[in-house]
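Below is one structure, written out as structure tokens, with a few remarks after it.
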Amino acid sequence: MDIDSHAEELASALGVDKTEVKDDLENLLQYSVPIDEAKQSVRRKHGGGTTESVTPESVSIRDISTEHNSVNVTVRVLNVGTRTIRYQGEDNTIREGTFADETGTISYTSWQDFGFEAGDSITIGNANIREWDGNPELNLGANTTVAFADETVTVPYAVGGDATLLELEPGDRGQNVEVRVLAVETRTINGRDGETEILSGVLADETTKLPFTDWQPRSEIEPGASIRIEDTYIREFRGVPSVNLSEFSTVTSLETPVQVTENAPRMAIADALDAGGMYDVEVVGTVLEVRDGSGLIERCPECGRVIQNGQCRSHGAVEGKDDLRIKAIIDDGTDALTAILGTELTTTVYGGDISDAKDAAREAMDKEVVSSAIAERLEGRLYRVRGNLSVDEYGANLNADEFERFAESPHDAATAALLEVEQ
Ligand SMILES: [Zn+2]
């Protein structure tokens, strides 16, 4: 049902103007209030009754669809994340996570504390369904009941919220990780309550590394420390997943040091793109093309952006600073991305530094000789690229820390990759 239909239904039930009802609803919905709660609030405002008398259906998770208004369901609590949201000037603590039964999983938001924890088996009465990202989600509110189930609900999923860093994806809530702190720094930011100190840095475990932010600095988080963090939430930060510690997260020091990986996980490009960006990842693929904007380039001295014909988009006419860069399209047969190599790696690949490149350009009276030489060297060959992958509106860019010819029968593999692309 869209907001118009909801407004129409409410307006006729209450005998008031539809536009007014719709304005009220829209106002509440923009604060992420679930539609059923919003309708009740509007109903109360106009002196209507508090609930519709509908008996919800008892269902399995697999059968829950956005067509349902509300349901009864018996589930296992896989995890519980806690978060504060500010609504109409007040902080409200909500709980979010995932429920499961033997037929599937569903995410939930609980607008009050029913006291359940990860691992509990519970029967929920009258949970509202709302659509989130095209999928149904359970909303537990004032009209919902929660009772402990008589028997444990057995589920084919991991219970408790423990995860490796590699498993985490933006949007995950109530996750627990055991990690080593690789780097940490204190920063002062301008938050909604004025200036606040936060911690940010890098965490690692056996699977990978991820950046983190601790919004309420904790003393256990120091370089080299092995810690267990419970109740984190994962956000996307500059195109990669980032571990966030809220006021509800707990940090415990671990006696046994957490083993950390020296290597980045090697992944198929399609899988890395599906993950929505990764902090440290390695792919092996063929350089299909060295893109425009590679070779000898000029940057704005103010902002570092690449400039064209002495013009910066932000700073107008500027005296450009010479630099070397490569933007190479890498394809491994599953998908493609753009590897971006900075000055140092480009110097290695080109076999000369900025002044060598300028000499070559001057001699040929053409800057393009530099990118041509690079293209000649790279195109059609297999490379291993390691770095930070961001996937956003600017495309899939892998900012390379390492870029190396891949030795395993490169000719065969490159040919195979090219054939796969052409098919
Ligand atoms: Zn500029």
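Residues in the structure tokens are numbered from 1 in each chain, the chains being A, B, ... in the order shown, and ligands are numbered from 1 in the order shown.
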
| query | What residues in stretch 4-228 of chain A get the DSSP label strand (DSSP E)? Please answer as a ChimeraX atom specification. | reply | /A:57-58,70-87,90-101,104-110,121-132,135-140,145-148,175-191,194-204,209-214,226-228

Store the residues picked out above, limited to C-alpha atoms, as a compact mmCIF listing (two decimals), in the first residue's frame.
# COMPACT_ATOMS: atom_id res chain seq x y z
CA GLU A 57 -1.84 -14.96 10.97
CA SER A 58 0.77 -17.38 12.39
CA SER A 70 1.05 -8.05 10.85
CA VAL A 71 1.94 -11.64 11.78
CA ASN A 72 2.58 -14.04 14.65
CA VAL A 73 5.83 -15.96 14.36
CA THR A 74 8.07 -18.20 16.49
CA VAL A 75 11.78 -17.55 15.95
CA ARG A 76 15.34 -17.88 17.21
CA VAL A 77 17.08 -14.57 17.89
CA LEU A 78 20.31 -14.68 15.86
CA ASN A 79 21.63 -11.34 17.12
CA VAL A 80 20.63 -8.13 18.85
CA GLY A 81 22.10 -4.74 17.99
CA THR A 82 21.34 -1.66 20.08
CA ARG A 83 21.21 1.85 18.72
CA THR A 84 19.90 5.27 19.64
CA ILE A 85 17.93 7.29 17.15
CA ARG A 86 16.86 10.85 17.67
CA TYR A 87 13.19 11.37 16.94
CA GLU A 90 14.33 12.79 21.91
CA ASP A 91 16.75 9.89 21.93
CA ASN A 92 15.09 6.51 21.58
CA THR A 93 16.91 3.22 22.06
CA ILE A 94 15.95 0.65 19.47
CA ARG A 95 17.07 -2.94 18.89
CA GLU A 96 17.83 -4.35 15.49
CA GLY A 97 19.10 -7.63 14.14
CA THR A 98 18.04 -10.90 12.57
CA PHE A 99 15.52 -13.60 13.52
CA ALA A 100 15.50 -17.09 12.01
CA ASP A 101 13.45 -20.27 11.91
CA GLY A 104 14.76 -18.56 6.60
CA THR A 105 15.90 -15.32 8.20
CA ILE A 106 14.31 -11.87 8.53
CA SER A 107 15.65 -8.61 9.89
CA TYR A 108 13.80 -6.80 12.63
CA THR A 109 13.55 -3.49 14.43
CA SER A 110 12.20 -3.43 17.98
CA SER A 121 13.66 -18.78 21.17
CA ILE A 122 10.61 -16.52 21.26
CA THR A 123 7.03 -16.33 20.05
CA ILE A 124 6.11 -12.90 18.77
CA GLY A 125 2.50 -11.82 18.57
CA ASN A 126 1.30 -9.07 16.25
CA ALA A 127 4.55 -7.89 14.69
CA ASN A 128 4.07 -5.35 11.93
CA ILE A 129 5.60 -5.86 8.53
CA ARG A 130 7.30 -3.04 6.74
CA GLU A 131 9.22 -3.04 3.53
CA TRP A 132 12.93 -2.28 3.75
CA ASN A 135 12.32 -7.04 1.56
CA PRO A 136 9.85 -7.52 4.42
CA GLU A 137 11.11 -6.56 7.88
CA LEU A 138 9.49 -7.22 11.26
CA ASN A 139 8.63 -4.25 13.45
CA LEU A 140 7.99 -4.87 17.12
CA THR A 145 3.81 -9.30 22.51
CA VAL A 146 6.92 -11.41 23.06
CA ALA A 147 6.93 -14.70 25.02
CA PHE A 148 9.68 -17.28 25.45
CA GLN A 175 27.91 -8.20 15.36
CA ASN A 176 30.77 -9.38 17.60
CA VAL A 177 34.38 -9.55 16.42
CA GLU A 178 37.72 -10.61 17.90
CA VAL A 179 40.44 -8.42 16.43
CA ARG A 180 43.81 -6.82 16.85
CA VAL A 181 44.10 -3.03 16.75
CA LEU A 182 46.65 -2.22 14.02
CA ALA A 183 46.41 1.55 14.20
CA VAL A 184 44.40 4.10 16.16
CA GLU A 185 44.22 7.87 16.37
CA THR A 186 42.12 10.34 18.33
CA ARG A 187 40.15 12.86 16.29
CA THR A 188 37.93 15.76 17.23
CA ILE A 189 34.75 16.08 15.22
CA ASN A 190 31.78 18.39 15.21
CA GLY A 191 28.94 16.06 16.18
CA GLY A 194 29.08 19.88 19.61
CA GLU A 195 32.76 18.93 19.60
CA THR A 196 33.43 15.30 20.48
CA GLU A 197 36.50 13.11 20.56
CA ILE A 198 36.36 9.86 18.62
CA LEU A 199 38.83 7.11 17.81
CA SER A 200 39.48 5.86 14.33
CA GLY A 201 41.92 3.37 12.90
CA VAL A 202 42.34 -0.11 11.51
CA LEU A 203 41.36 -3.54 12.91
CA ALA A 204 42.57 -6.92 11.66
CA LYS A 209 41.54 -5.63 7.79
CA LEU A 210 38.82 -3.02 8.19
CA PRO A 211 38.71 0.60 9.31
CA PHE A 212 36.81 1.39 12.51
CA THR A 213 35.32 4.33 14.39
CA ASP A 214 34.72 4.36 18.14
CA SER A 226 43.78 -7.91 21.05
CA ILE A 227 40.14 -7.29 21.90
CA ARG A 228 36.63 -8.68 21.62

How close does each residue of chain A get to ligand 1, giving the shortest atom pair and distance in Å to one decimal for every residue with an atom at most 6 Å away, counting only C-alpha atoms and all ligand atoms, sorted by chain and residue number, as a tab-separated table?
residue	atom	partner	partner_atom_place_in_ligand_line	distance
A:Cys300	CA	ligand 1	1 (Zn)	4.6
A:Glu302	CA	ligand 1	1 (Zn)	4.9
A:Cys303	CA	ligand 1	1 (Zn)	4.2
A:Arg305	CA	ligand 1	1 (Zn)	5.8
A:Cys312	CA	ligand 1	1 (Zn)	4.8
A:Ser314	CA	ligand 1	1 (Zn)	4.9
A:His315	CA	ligand 1	1 (Zn)	4.5

| request: Please indicate the distance in Å from atom CA of A:Asp113 to atom CA of A:Phe248, rounded to one decimal place. | output: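 About the pair atom CA of A:Asp113 and atom CA of A:Phe248: they are 13.7 Å apart.
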
| said: So that I can check the surroundings of A:Val240, please list as an MDAnalysis selection string every protein, DNA and RNA residue that reaches within 10 Å of it, counting only C-alpha atoms and ignoring chain neighbours fewer than 3 positions away. | reply: chainID A and resid 169:170 210:211 234:237 275:280 388:392

| query | By how many Å are atom CA of A:Gly342 and atom CA of A:Asn399 apart? | reply | 8.1 Å

| request: List every residue of stretch 241-371 of chain A that DSSP, applied to the backbone of this structure, places in helix (DSSP H, G or I), and write the result as a list in words. | output: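 Answer for stretch 241-371 of chain A, restricted to helix (DSSP H, G or I): Ile269, Ala270, Asp271, Ala272, Leu273, Asp274, Thr343, Glu344, Leu345, Thr346, Thr347, Thr348, Val349, Tyr350, Ile354, Ser355, Asp356, Ala357, Lys358, Asp359, Ala360, Ala361, Arg362, Glu363, Ala364, Glu368, Val369, Val370 and Ser371 of chain A.
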
Could you save the residues just selected, with C-alpha atoms, as a PDB file, in the first residue's frame?
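Okay, out.pdb is ready:
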ATOM      1  CA  ILE A 269      36.282  -9.330  -9.008  1.00  0.00           C
ATOM      2  CA  ALA A 270      32.539 -10.082  -9.156  1.00  0.00           C
ATOM      3  CA  ASP A 271      32.551 -11.239  -5.500  1.00  0.00           C
ATOM      4  CA  ALA A 272      34.594  -8.224  -4.368  1.00  0.00           C
ATOM      5  CA  LEU A 273      32.158  -5.874  -6.129  1.00  0.00           C
ATOM      6  CA  ASP A 274      29.196  -7.738  -4.588  1.00  0.00           C
ATOM      7  CA  THR A 343      53.124   8.251  -8.343  1.00  0.00           C
ATOM      8  CA  GLU A 344      55.353   5.581  -6.833  1.00  0.00           C
ATOM      9  CA  LEU A 345      53.810   2.506  -8.465  1.00  0.00           C
ATOM     10  CA  THR A 346      53.468   4.329 -11.767  1.00  0.00           C
ATOM     11  CA  THR A 347      57.177   5.246 -11.653  1.00  0.00           C
ATOM     12  CA  THR A 348      58.025   1.556 -11.203  1.00  0.00           C
ATOM     13  CA  VAL A 349      55.730   0.433 -14.018  1.00  0.00           C
ATOM     14  CA  TYR A 350      56.876   3.193 -16.374  1.00  0.00           C
ATOM     15  CA  ILE A 354      58.323  12.506 -13.363  1.00  0.00           C
ATOM     16  CA  SER A 355      61.358  14.251 -14.854  1.00  0.00           C
ATOM     17  CA  ASP A 356      62.069  11.264 -17.141  1.00  0.00           C
ATOM     18  CA  ALA A 357      58.450  11.390 -18.287  1.00  0.00           C
ATOM     19  CA  LYS A 358      58.691  15.146 -18.936  1.00  0.00           C
ATOM     20  CA  ASP A 359      61.885  14.635 -20.954  1.00  0.00           C
ATOM     21  CA  ALA A 360      60.167  11.986 -23.069  1.00  0.00           C
ATOM     22  CA  ALA A 361      57.118  14.219 -23.581  1.00  0.00           C
ATOM     23  CA  ARG A 362      59.294  17.203 -24.544  1.00  0.00           C
ATOM     24  CA  GLU A 363      61.290  15.151 -27.021  1.00  0.00           C
ATOM     25  CA  ALA A 364      58.158  13.748 -28.688  1.00  0.00           C
ATOM     26  CA  GLU A 368      50.681  11.015 -24.645  1.00  0.00           C
ATOM     27  CA  VAL A 369      53.950   9.161 -25.286  1.00  0.00           C
ATOM     28  CA  VAL A 370      54.089   8.409 -21.566  1.00  0.00           C
ATOM     29  CA  SER A 371      50.675   6.748 -21.350  1.00  0.00           C
TER      30      SER A 371
END

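Interatomic distance, atom CA of A:Ile221 against atom CA of A:Ala158: 27.1 Å.
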
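Here the question is which of A:Ser246, A:Gln88, A:Thr334, A:Asn27 gets nearest to A:Arg173 using only C-alpha atoms, and that residue is A:Ser246.
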
| request: Considering only C-alpha atoms, state which residue in the set A:Ala373, A:Ala225, A:Leu168, A:Ile35 is at the smallest distance from A:Pro257. | output: A:Ala225

| Polymer residues at most 6 Å from A:Leu166, only C-alpha atoms, same-chain spacing of 2 or more positions, as a PyMOL selection string | chain A and resi 164+168+207-208

| field | Counting only C-alpha atoms, the option among A:Thr232, A:Thr66, A:Gln30, A:Thr144 closest to A:Phe114 | value |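 That would be A:Thr144, the residue with the smallest distance to A:Phe114.
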
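If only C-alpha atoms are the atoms counted, then among A:Asp133, A:Glu9, A:Asp63, A:Glu402 the closest residue to A:Val283 is A:Glu402.
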